[in-house]
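Next up, coords-v9.pdb (PDB, C-alpha atoms and all ligand atoms):
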```pdb
MODEL        1
ATOM      1  CA  MET A 294     -10.697  54.407  72.656
ATOM      2  CA  GLY A 295     -12.426  51.106  72.311
ATOM      3  CA  ALA A 296     -15.588  52.995  71.455
ATOM      4  CA  TYR A 297     -14.233  53.960  68.059
ATOM      5  CA  VAL A 298     -15.790  52.092  65.199
ATOM      6  CA  CYS A 299     -14.193  52.256  61.829
ATOM      7  CA  GLY A 300     -16.677  53.011  59.114
ATOM      8  CA  VAL A 301     -15.453  50.321  56.787
ATOM      9  CA  SER A 302     -17.189  47.093  56.016
ATOM     10  CA  SER A 303     -15.785  43.703  56.935
ATOM     11  CA  GLY A 304     -15.090  43.182  53.257
ATOM     12  CA  LEU A 305     -12.482  45.975  53.223
ATOM     13  CA  ASP A 306     -10.452  45.702  50.084
ATOM     14  CA  VAL A 307      -6.942  45.777  51.488
ATOM     15  CA  SER A 308      -4.499  47.161  48.964
ATOM     16  CA  GLU A 309      -1.593  45.115  47.676
ATOM     17  CA  ASN A 310       0.845  46.906  49.916
ATOM     18  CA  CYS A 311      -0.775  46.309  53.260
ATOM     19  CA  VAL A 312      -2.074  43.299  55.063
ATOM     20  CA  LYS A 313      -5.133  42.474  57.127
ATOM     21  CA  ILE A 314      -4.473  41.051  60.574
ATOM     22  CA  LEU A 315      -7.297  39.826  62.794
ATOM     23  CA  VAL A 316      -6.844  40.410  66.530
ATOM     24  CA  LEU A 317      -8.976  37.923  68.439
ATOM     25  CA  GLY A 318      -9.463  36.541  71.920
ATOM     26  CA  PHE A 319     -11.984  36.595  74.739
ATOM     27  CA  SER A 320     -13.365  39.796  76.290
ATOM     28  CA  SER A 321     -11.084  41.898  78.488
ATOM     29  CA  VAL A 322      -7.895  40.048  77.574
ATOM     30  CA  GLY A 323      -6.440  43.345  76.310
ATOM     31  CA  LYS A 324      -6.867  43.237  72.513
ATOM     32  CA  THR A 325      -7.794  46.894  72.148
ATOM     33  CA  TYR A 326      -5.041  47.955  74.527
ATOM     34  CA  VAL A 327      -2.428  46.012  72.573
ATOM     35  CA  VAL A 328      -3.540  47.364  69.199
ATOM     36  CA  TYR A 329      -3.580  50.989  70.342
ATOM     37  CA  SER A 330      -0.265  50.529  72.166
ATOM     38  CA  TRP A 331       1.215  49.435  68.865
ATOM     39  CA  SER A 332      -0.344  52.437  67.176
ATOM     40  CA  LEU A 333       0.260  55.177  69.758
ATOM     41  CA  GLY A 334       3.004  53.849  72.001
ATOM     42  CA  VAL A 335       2.646  52.826  75.647
ATOM     43  CA  SER A 336       3.394  56.313  76.949
ATOM     44  CA  ASN A 337       0.457  57.808  75.018
ATOM     45  CA  MET A 338      -2.107  55.255  76.084
ATOM     46  CA  VAL A 339      -5.271  56.094  77.958
ATOM     47  CA  LYS A 340      -7.760  53.692  79.459
ATOM     48  CA  THR A 341      -9.622  51.548  76.969
ATOM     49  CA  LEU A 342     -13.333  50.853  76.986
ATOM     50  CA  PRO A 343     -14.711  47.392  76.276
ATOM     51  CA  THR A 344     -15.415  47.104  72.571
ATOM     52  CA  ASP A 345     -19.180  46.828  72.151
ATOM     53  CA  ALA A 346     -20.550  43.533  70.964
ATOM     54  CA  ALA A 347     -20.912  43.514  67.181
ATOM     55  CA  MET A 348     -18.295  46.254  66.890
ATOM     56  CA  PHE A 349     -14.639  46.414  66.049
ATOM     57  CA  ASN A 350     -11.741  48.803  65.614
ATOM     58  CA  VAL A 351      -9.365  48.989  62.684
ATOM     59  CA  GLU A 352      -5.940  50.583  63.029
ATOM     60  CA  LYS A 353      -3.259  50.964  60.383
ATOM     61  CA  ILE A 354      -0.011  50.032  62.063
ATOM     62  CA  TYR A 355       3.547  50.054  60.803
ATOM     63  CA  GLY A 356       5.875  47.427  62.187
ATOM     64  CA  PRO A 357       9.274  48.378  63.628
ATOM     65  CA  THR A 358      10.938  47.993  60.236
ATOM     66  CA  SER A 359       8.113  49.961  58.552
ATOM     67  CA  ALA A 360       8.288  47.382  55.790
ATOM     68  CA  LEU A 361       4.561  47.296  55.327
ATOM     69  CA  PRO A 362       1.444  48.728  56.926
ATOM     70  CA  MET A 363      -0.766  46.246  58.694
ATOM     71  CA  TYR A 364      -4.473  46.822  59.153
ATOM     72  CA  MET A 365      -5.225  45.418  62.606
ATOM     73  CA  TRP A 366      -8.851  44.384  62.993
ATOM     74  CA  ASP A 367      -9.634  44.330  66.700
ATOM     75  CA  ILE A 368     -12.866  42.383  67.056
ATOM     76  CA  SER A 369     -15.003  42.498  70.205
ATOM     77  CA  GLY A 370     -14.532  39.419  72.381
ATOM     78  CA  LYS A 371     -18.302  39.345  72.783
ATOM     79  CA  MET A 372     -18.649  38.566  69.113
ATOM     80  CA  ILE A 373     -17.155  35.085  69.119
ATOM     81  CA  HIS A 374     -20.151  33.462  67.473
ATOM     82  CA  ARG A 375     -20.490  36.172  64.841
ATOM     83  CA  ARG A 376     -16.880  36.921  63.968
ATOM     84  CA  ARG A 377     -16.678  34.704  60.901
ATOM     85  CA  SER A 378     -17.786  37.521  58.610
ATOM     86  CA  TYR A 379     -14.437  39.228  59.307
ATOM     87  CA  TYR A 380     -12.240  36.347  58.155
ATOM     88  CA  LEU A 381     -12.250  37.067  54.420
ATOM     89  CA  GLY A 382      -8.928  38.466  53.206
ATOM     90  CA  THR A 383      -7.112  37.913  56.499
ATOM     91  CA  GLN A 384      -3.370  37.375  56.142
ATOM     92  CA  GLY A 385      -2.326  36.943  59.769
ATOM     93  CA  LEU A 386      -3.766  36.270  63.208
ATOM     94  CA  VAL A 387      -3.025  37.756  66.607
ATOM     95  CA  TYR A 388      -4.625  35.790  69.433
ATOM     96  CA  VAL A 389      -4.541  37.378  72.890
ATOM     97  CA  VAL A 390      -4.718  35.360  76.104
ATOM     98  CA  ASP A 391      -5.009  36.808  79.616
ATOM     99  CA  ALA A 392      -2.136  35.630  81.834
ATOM    100  CA  VAL A 393      -4.051  36.343  85.023
ATOM    101  CA  ASN A 394      -7.725  35.607  84.485
ATOM    102  CA  GLY A 395      -7.636  33.617  81.292
ATOM    103  CA  ASN A 396      -8.899  30.078  81.041
ATOM    104  CA  ALA A 397      -6.112  28.509  79.009
ATOM    105  CA  MET A 398      -8.070  25.420  77.960
ATOM    106  CA  ASP A 399     -11.008  27.492  76.704
ATOM    107  CA  ALA A 400      -8.609  29.775  74.867
ATOM    108  CA  LEU A 401      -6.814  26.814  73.277
ATOM    109  CA  ALA A 402     -10.140  25.352  72.133
ATOM    110  CA  ASP A 403     -11.158  28.717  70.678
ATOM    111  CA  LEU A 404      -7.809  29.075  68.934
ATOM    112  CA  GLN A 405      -8.075  25.560  67.514
ATOM    113  CA  SER A 406     -11.452  26.452  66.017
ATOM    114  CA  LEU A 407      -9.864  29.503  64.387
ATOM    115  CA  VAL A 408      -6.772  27.857  62.920
ATOM    116  CA  THR A 409      -8.814  25.027  61.464
ATOM    117  CA  ASP A 410     -11.270  27.368  59.778
ATOM    118  CA  ARG A 411     -10.918  27.162  56.011
ATOM    119  CA  ASP A 412     -10.402  30.934  55.710
ATOM    120  CA  LEU A 413      -7.720  31.137  58.402
ATOM    121  CA  SER A 414      -5.812  27.861  58.280
ATOM    122  CA  GLY A 415      -2.088  28.156  57.586
ATOM    123  CA  LEU A 416      -1.894  31.892  58.321
ATOM    124  CA  PRO A 417       0.968  33.256  60.461
ATOM    125  CA  LEU A 418      -0.137  33.213  64.094
ATOM    126  CA  MET A 419       1.071  35.386  66.963
ATOM    127  CA  VAL A 420      -0.204  34.349  70.398
ATOM    128  CA  LEU A 421       0.185  37.075  73.003
ATOM    129  CA  VAL A 422       0.087  36.235  76.696
ATOM    130  CA  ASN A 423      -1.013  39.657  77.951
ATOM    131  CA  LYS A 424      -0.824  41.034  81.495
ATOM    132  CA  ALA A 425       2.376  39.024  81.942
ATOM    133  CA  THR A 426       4.178  39.835  85.222
ATOM    134  CA  ASP A 427       0.912  40.839  86.914
ATOM    135  CA  GLY A 428       1.311  37.859  89.253
ATOM    136  CA  GLU A 429       0.450  35.762  86.269
ATOM    137  CA  THR A 430      -0.654  32.170  86.269
ATOM    138  CA  LEU A 431       0.276  31.780  82.629
ATOM    139  CA  SER A 432       3.380  32.641  80.606
ATOM    140  CA  ALA A 433       4.460  32.233  77.004
ATOM    141  CA  GLU A 434       6.935  29.573  78.077
ATOM    142  CA  GLY A 435       4.209  27.655  79.923
ATOM    143  CA  LEU A 436       1.689  28.034  77.120
ATOM    144  CA  LYS A 437       4.023  26.891  74.328
ATOM    145  CA  PRO A 438       3.801  23.121  74.995
ATOM    146  CA  GLN A 439       0.038  23.405  75.430
ATOM    147  CA  LEU A 440      -0.233  25.155  72.082
ATOM    148  CA  GLN A 441       1.833  22.420  70.478
ATOM    149  CA  GLN A 442      -0.357  19.745  72.035
ATOM    150  CA  HIS A 443      -3.828  21.204  71.537
ATOM    151  CA  VAL A 444      -3.647  23.486  68.491
ATOM    152  CA  SER A 445      -3.007  22.622  64.839
ATOM    153  CA  LEU A 446      -0.308  25.238  64.525
ATOM    154  CA  PRO A 447       0.530  26.825  61.165
ATOM    155  CA  PRO A 448       4.099  26.767  59.773
ATOM    156  CA  LYS A 449       4.784  30.266  61.122
ATOM    157  CA  TRP A 450       3.767  30.921  64.682
ATOM    158  CA  ALA A 451       5.108  32.473  67.859
ATOM    159  CA  VAL A 452       4.016  33.046  71.439
ATOM    160  CA  CYS A 453       5.148  36.112  73.416
ATOM    161  CA  ASP A 454       4.621  37.633  76.838
ATOM    162  CA  VAL A 455       3.428  41.239  76.725
ATOM    163  CA  HIS A 456       2.332  43.795  79.283
ATOM    164  CA  MET A 457       0.586  47.155  79.106
ATOM    165  CA  PHE A 458       3.599  49.007  80.522
ATOM    166  CA  SER A 459       6.305  47.262  78.521
ATOM    167  CA  GLN A 460       6.890  49.023  75.220
ATOM    168  CA  ARG A 461       9.832  46.724  74.625
ATOM    169  CA  ASP A 462       7.756  43.525  74.877
ATOM    170  CA  LEU A 463       5.040  44.979  72.671
ATOM    171  CA  THR A 464       7.540  46.167  70.061
ATOM    172  CA  ASP A 465       9.339  42.816  70.073
ATOM    173  CA  ALA A 466       6.045  41.033  69.508
ATOM    174  CA  LEU A 467       5.139  43.396  66.664
ATOM    175  CA  LEU A 468       8.532  42.829  65.077
ATOM    176  CA  GLN A 469       8.083  39.056  65.224
ATOM    177  CA  LEU A 470       4.638  39.395  63.697
ATOM    178  CA  GLU A 471       6.019  41.581  60.940
ATOM    179  CA  GLU A 472       8.792  39.073  60.238
ATOM    180  CA  MET A 473       6.293  36.249  59.970
ATOM    181  CA  ILE A 474       4.035  38.251  57.688
ATOM    182  CA  CYS A 475       6.944  39.316  55.498
ATOM    183  CA  ASP A 476       8.229  35.744  55.632
ATOM    184  CA  THR A 477      11.668  36.910  56.682
ATOM    185  CA  GLY A 478      11.769  35.317  60.122
ATOM    186  CA  PRO A 479      12.462  31.705  61.044
ATOM    187  CA  ALA A 480       9.614  29.237  61.416
ATOM    188  CA  ALA A 481       8.862  28.329  65.031
TER
HETATM  189  N1  LIG B   1      -3.164  44.738  84.642
HETATM  190  C1  LIG B   1      -3.189  44.803  83.318
HETATM  191  N2  LIG B   1      -4.308  45.246  82.718
HETATM  192  C2  LIG B   1      -4.308  45.309  81.364
HETATM  193  C3  LIG B   1      -3.169  44.953  80.572
HETATM  194  N3  LIG B   1      -3.496  45.142  79.268
HETATM  195  C4  LIG B   1      -4.770  45.600  79.257
HETATM  196  N4  LIG B   1      -5.250  45.714  80.505
HETATM  197  C5  LIG B   1      -6.582  46.165  80.946
HETATM  198  O1  LIG B   1      -7.520  45.162  80.648
HETATM  199  C6  LIG B   1      -8.787  45.758  80.398
HETATM  200  C7  LIG B   1      -9.376  45.199  79.135
HETATM  201  O2  LIG B   1      -8.574  45.640  78.042
HETATM  202  P1  LIG B   1      -9.194  45.793  76.591
HETATM  203  O3  LIG B   1      -8.043  46.071  75.672
HETATM  204  O4  LIG B   1     -10.304  46.759  76.564
HETATM  205  O5  LIG B   1      -9.765  44.305  76.374
HETATM  206  P2  LIG B   1     -10.384  43.662  75.041
HETATM  207  O6  LIG B   1      -9.739  42.343  74.836
HETATM  208  O7  LIG B   1     -10.304  44.620  73.905
HETATM  209  O8  LIG B   1     -11.885  43.392  75.485
HETATM  210  P3  LIG B   1     -13.230  43.440  74.570
HETATM  211  O9  LIG B   1     -13.220  44.718  73.837
HETATM  212  O10 LIG B   1     -14.352  43.337  75.561
HETATM  213  O11 LIG B   1     -13.183  42.248  73.659
HETATM  214  C8  LIG B   1      -8.573  47.273  80.351
HETATM  215  O12 LIG B   1      -8.983  47.820  81.578
HETATM  216  C9  LIG B   1      -7.068  47.416  80.194
HETATM  217  O13 LIG B   1      -6.578  48.586  80.784
HETATM  218  C10 LIG B   1      -1.995  44.486  81.248
HETATM  219  O14 LIG B   1      -0.978  44.148  80.663
HETATM  220  N5  LIG B   1      -2.065  44.433  82.625
HETATM  221 MG    MG B   2     -11.706  45.700  72.872
ENDMDL
END
```

Show me the file's structure as structure tokens.
Ligand SMILES: Nc1nc2c(ncn2[C@@H]2O[C@H](COP(=O)(O)OP(=O)(O)OP(=O)(O)O)[C@@H](O)[C@H]2O)c(=O)[nH]1
Ligand SMILES: [Mg+2]
Amino acid sequence: MGAYVCGVSSGLDVSENCVKILVLGFSSVGKTYVVYSWSLGVSNMVKTLPTDAAMFNVEKIYGPTSALPMYMWDISGKMIHRRRSYYLGTQGLVYVVDAVNGNAMDALADLQSLVTDRDLSGLPLMVLVNKATDGETLSAEGLKPQLQQHVSLPPKWAVCDVHMFSQRDLTDALLQLEEMICDTGPAA
């Protein structure tokens, strides 16, 4: 896990009935863990490996309502300066922040650069504060006003606490993402 590289190109032609979600954030924040937890369930998870620079994983994931499959593109955090080639066709963003070791201001600056990119602006955005409850220094509640102050937020966005052992938190976050993508949930 984490070493798996999907053999598709970044220009994957996503069919009409599924959506492309980019999962971004710095290295070791837990992107791969979150994506595979959504795919396999927390109880089936094994340890992840860091995703090699210039590599990525793609997982087809059904949200809790199974309304539509989402292709989650989990891009290596070491690829920040080369990730633009993955933006084409993206319909939603998941941005993962580390509650324990993350530098919130750096993450906010990175997120601002993403949401103001011409290929990503206006897309539904889910910010995940991962490793929550691990003696965290950051929480979704604490990050929310900082997001509002420093990031040009799209009409549909949400910020959630998640944790590697909490299936409930992860499922709730996936449900909110699905609602935003399907446009059935309320705007933040
Ligand atoms: N304590 C704790 N560790 C976590 C949590 N979620 C993930 N991890 C660990 O954090 C480490 C990094 O997780 P990854 O999912 O590989 O991180 P990544 O963001 O994909 O990193 P790159 O692939 O380098 O971009 C792994 O050892 C995970 O087991 C969490 O909620 N709490
Ligand atoms: Mg990874």

message: Neighbouring residues of segment 451-464 of chain A were defined as those with any atom within 6 Å, considering only C-alpha atoms; residues of the same chain fewer than 5 positions away were excluded. Please report them as an MDAnalysis selection string.
response: chainID A and resid 335 419:425 433

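The list of residues with at least one atom within 8 Å of Val408 of chain A, based on only C-alpha atoms and without residues fewer than 5 positions apart in the same chain, reads Leu413, Ser414, Gly415, Leu416, Val444, Ser445, Leu446 and Pro447 of chain A.
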
Give me the chain A side of the contact with ligand MG 2 (chain B), cut-off 12 Å, one line per residue showing its nearest atom pair and distance in Å at one decimal, counting all atoms listed in the file, sorted by chain and residue number, as a tab-separated table.
```
residue	atom	partner	partner_atom	distance
A:Met294	CA	B:MG2	MG	8.8
A:Gly295	CA	B:MG2	MG	5.5
A:Ala296	CA	B:MG2	MG	8.4
A:Tyr297	CA	B:MG2	MG	9.9
A:Val298	CA	B:MG2	MG	10.8
A:Val316	CA	B:MG2	MG	9.6
A:Leu317	CA	B:MG2	MG	9.4
A:Gly318	CA	B:MG2	MG	9.5
A:Phe319	CA	B:MG2	MG	9.3
A:Ser320	CA	B:MG2	MG	7.0
A:Ser321	CA	B:MG2	MG	6.8
A:Val322	CA	B:MG2	MG	8.3
A:Gly323	CA	B:MG2	MG	6.7
A:Lys324	CA	B:MG2	MG	5.4
A:Thr325	CA	B:MG2	MG	4.2
A:Tyr326	CA	B:MG2	MG	7.2
A:Val327	CA	B:MG2	MG	9.3
A:Val328	CA	B:MG2	MG	9.1
A:Tyr329	CA	B:MG2	MG	10.0
A:Lys340	CA	B:MG2	MG	11.1
A:Thr341	CA	B:MG2	MG	7.4
A:Leu342	CA	B:MG2	MG	6.8
A:Pro343	CA	B:MG2	MG	4.8
A:Thr344	CA	B:MG2	MG	4.0
A:Asp345	CA	B:MG2	MG	7.6
A:Ala346	CA	B:MG2	MG	9.3
A:Ala347	CA	B:MG2	MG	11.0
A:Met348	CA	B:MG2	MG	8.9
A:Phe349	CA	B:MG2	MG	7.5
A:Asn350	CA	B:MG2	MG	7.9
A:Val351	CA	B:MG2	MG	11.0
A:Trp366	CA	B:MG2	MG	10.4
A:Asp367	CA	B:MG2	MG	6.7
A:Ile368	CA	B:MG2	MG	6.8
A:Ser369	CA	B:MG2	MG	5.3
A:Gly370	CA	B:MG2	MG	6.9
A:Lys371	CA	B:MG2	MG	9.2
A:Met372	CA	B:MG2	MG	10.6
A:Val389	CA	B:MG2	MG	11.0
```

message: For Thr430 of chain A, find every residue with an atom within 9 Å (counting all atoms listed in the file), except residues of its own chain fewer than 5 positions away, and show them as number ranges by chain.
response: A: 392-395, 425

Per-axis box centre and lengths in Å around ligand LIG 1 (chain B), 4 Å margin per side, axis-aligned, as JSON:
```
{"center_x": -7.7, "center_y": 45.4, "center_z": 79.2, "size_x": 21.4, "size_y": 14.3, "size_z": 19.0}
```

task: Quick one: everything within 12 Å of Met398 of chain A, counting only C-alpha atoms, minus sequence neighbours fewer than 4 positions away in the same chain. Send it as a ChimeraX atom specification.
output: /A:390-391,402-405,431,436,439-440,442-444

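In this model, the gap between atom N3 of ligand LIG 1 (chain B) and atom CA of Leu401 of chain A comes to 19.6 Å.
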
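Atom CA of Trp450 of chain A sits 24.2 Å away from atom C7 of ligand LIG 1 (chain B).
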
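Counting all atoms listed in the file, the residue from A:Leu381, A:Gly334, A:Thr426, A:Arg375 that sits nearest to ligand LIG 1 (chain B) is A:Thr426.
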
- prompt: Given the choices A:Tyr388, A:Thr358, A:Leu333, A:Ala466, which gets closest to ligand LIG 1 (chain B) if the distance is worked out from all atoms listed in the file?
  reply: A:Tyr388

- prompt: Got a sec: who's within 10 Å of Pro357 of chain A, counting all atoms listed in the file, leaving out chain neighbours fewer than 5 positions off, as a VMD selection string?
  reply: chain A and resid 331 464 to 469 471 to 472

Keeping C-alpha atoms, export the residues of the selection given above as a PDB file, keeping the file's coordinate frame.
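Wrote it out as out_28.pdb, contents follow:
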```
ATOM      1  CA  TRP A 331       1.215  49.435  68.865  1.00  0.00           C
ATOM      2  CA  THR A 464       7.540  46.167  70.061  1.00  0.00           C
ATOM      3  CA  ASP A 465       9.339  42.816  70.073  1.00  0.00           C
ATOM      4  CA  ALA A 466       6.045  41.033  69.508  1.00  0.00           C
ATOM      5  CA  LEU A 467       5.139  43.396  66.664  1.00  0.00           C
ATOM      6  CA  LEU A 468       8.532  42.829  65.077  1.00  0.00           C
ATOM      7  CA  GLN A 469       8.083  39.056  65.224  1.00  0.00           C
ATOM      8  CA  GLU A 471       6.019  41.581  60.940  1.00  0.00           C
ATOM      9  CA  GLU A 472       8.792  39.073  60.238  1.00  0.00           C
TER      10      GLU A 472
END
```

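Interatomic distance, atom CA of Arg376 of chain A to atom CA of Glu352 of chain A: 17.5 Å.
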
Nearest-residue call for ligand LIG 1 (chain B), choices A:Ala360, A:Ile373, A:Ala397, A:Leu315, using all atoms listed in the file: A:Ile373

Just so the selection is clear, what residues does the PyMOL selection byres (((chain A and resi 314) around 7) and not hetatm) cover here, as a PDB file with C-alpha atoms, in the coordinates of the input?
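As written to disk, selection-v4.pdb reads:
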```
ATOM      1  CA  VAL A 312      -2.074  43.299  55.063  1.00  0.00           C
ATOM      2  CA  LYS A 313      -5.133  42.474  57.127  1.00  0.00           C
ATOM      3  CA  LEU A 315      -7.297  39.826  62.794  1.00  0.00           C
ATOM      4  CA  VAL A 316      -6.844  40.410  66.530  1.00  0.00           C
ATOM      5  CA  MET A 363      -0.766  46.246  58.694  1.00  0.00           C
ATOM      6  CA  TYR A 364      -4.473  46.822  59.153  1.00  0.00           C
ATOM      7  CA  MET A 365      -5.225  45.418  62.606  1.00  0.00           C
ATOM      8  CA  TRP A 366      -8.851  44.384  62.993  1.00  0.00           C
ATOM      9  CA  THR A 383      -7.112  37.913  56.499  1.00  0.00           C
ATOM     10  CA  GLN A 384      -3.370  37.375  56.142  1.00  0.00           C
ATOM     11  CA  GLY A 385      -2.326  36.943  59.769  1.00  0.00           C
ATOM     12  CA  LEU A 386      -3.766  36.270  63.208  1.00  0.00           C
TER      13      LEU A 386
END
```

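Closest approach to ligand LIG 1 (chain B) among A:Ile354, A:Met473, A:Val387, A:Tyr380: A:Val387, based on only C-alpha atoms and all ligand atoms.
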
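Distances from A:Arg411, A:Ala400, A:Met338, A:Leu470 to ligand LIG 1 (chain B) were compared using only C-alpha atoms and all ligand atoms, and the smallest one belongs to A:Met338.
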
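Distances here use all atoms listed in the file; by that measure, the residue among A:Cys311, A:Ser332, A:Val339, A:Asp476 closest to ligand LIG 1 (chain B) is A:Val339.
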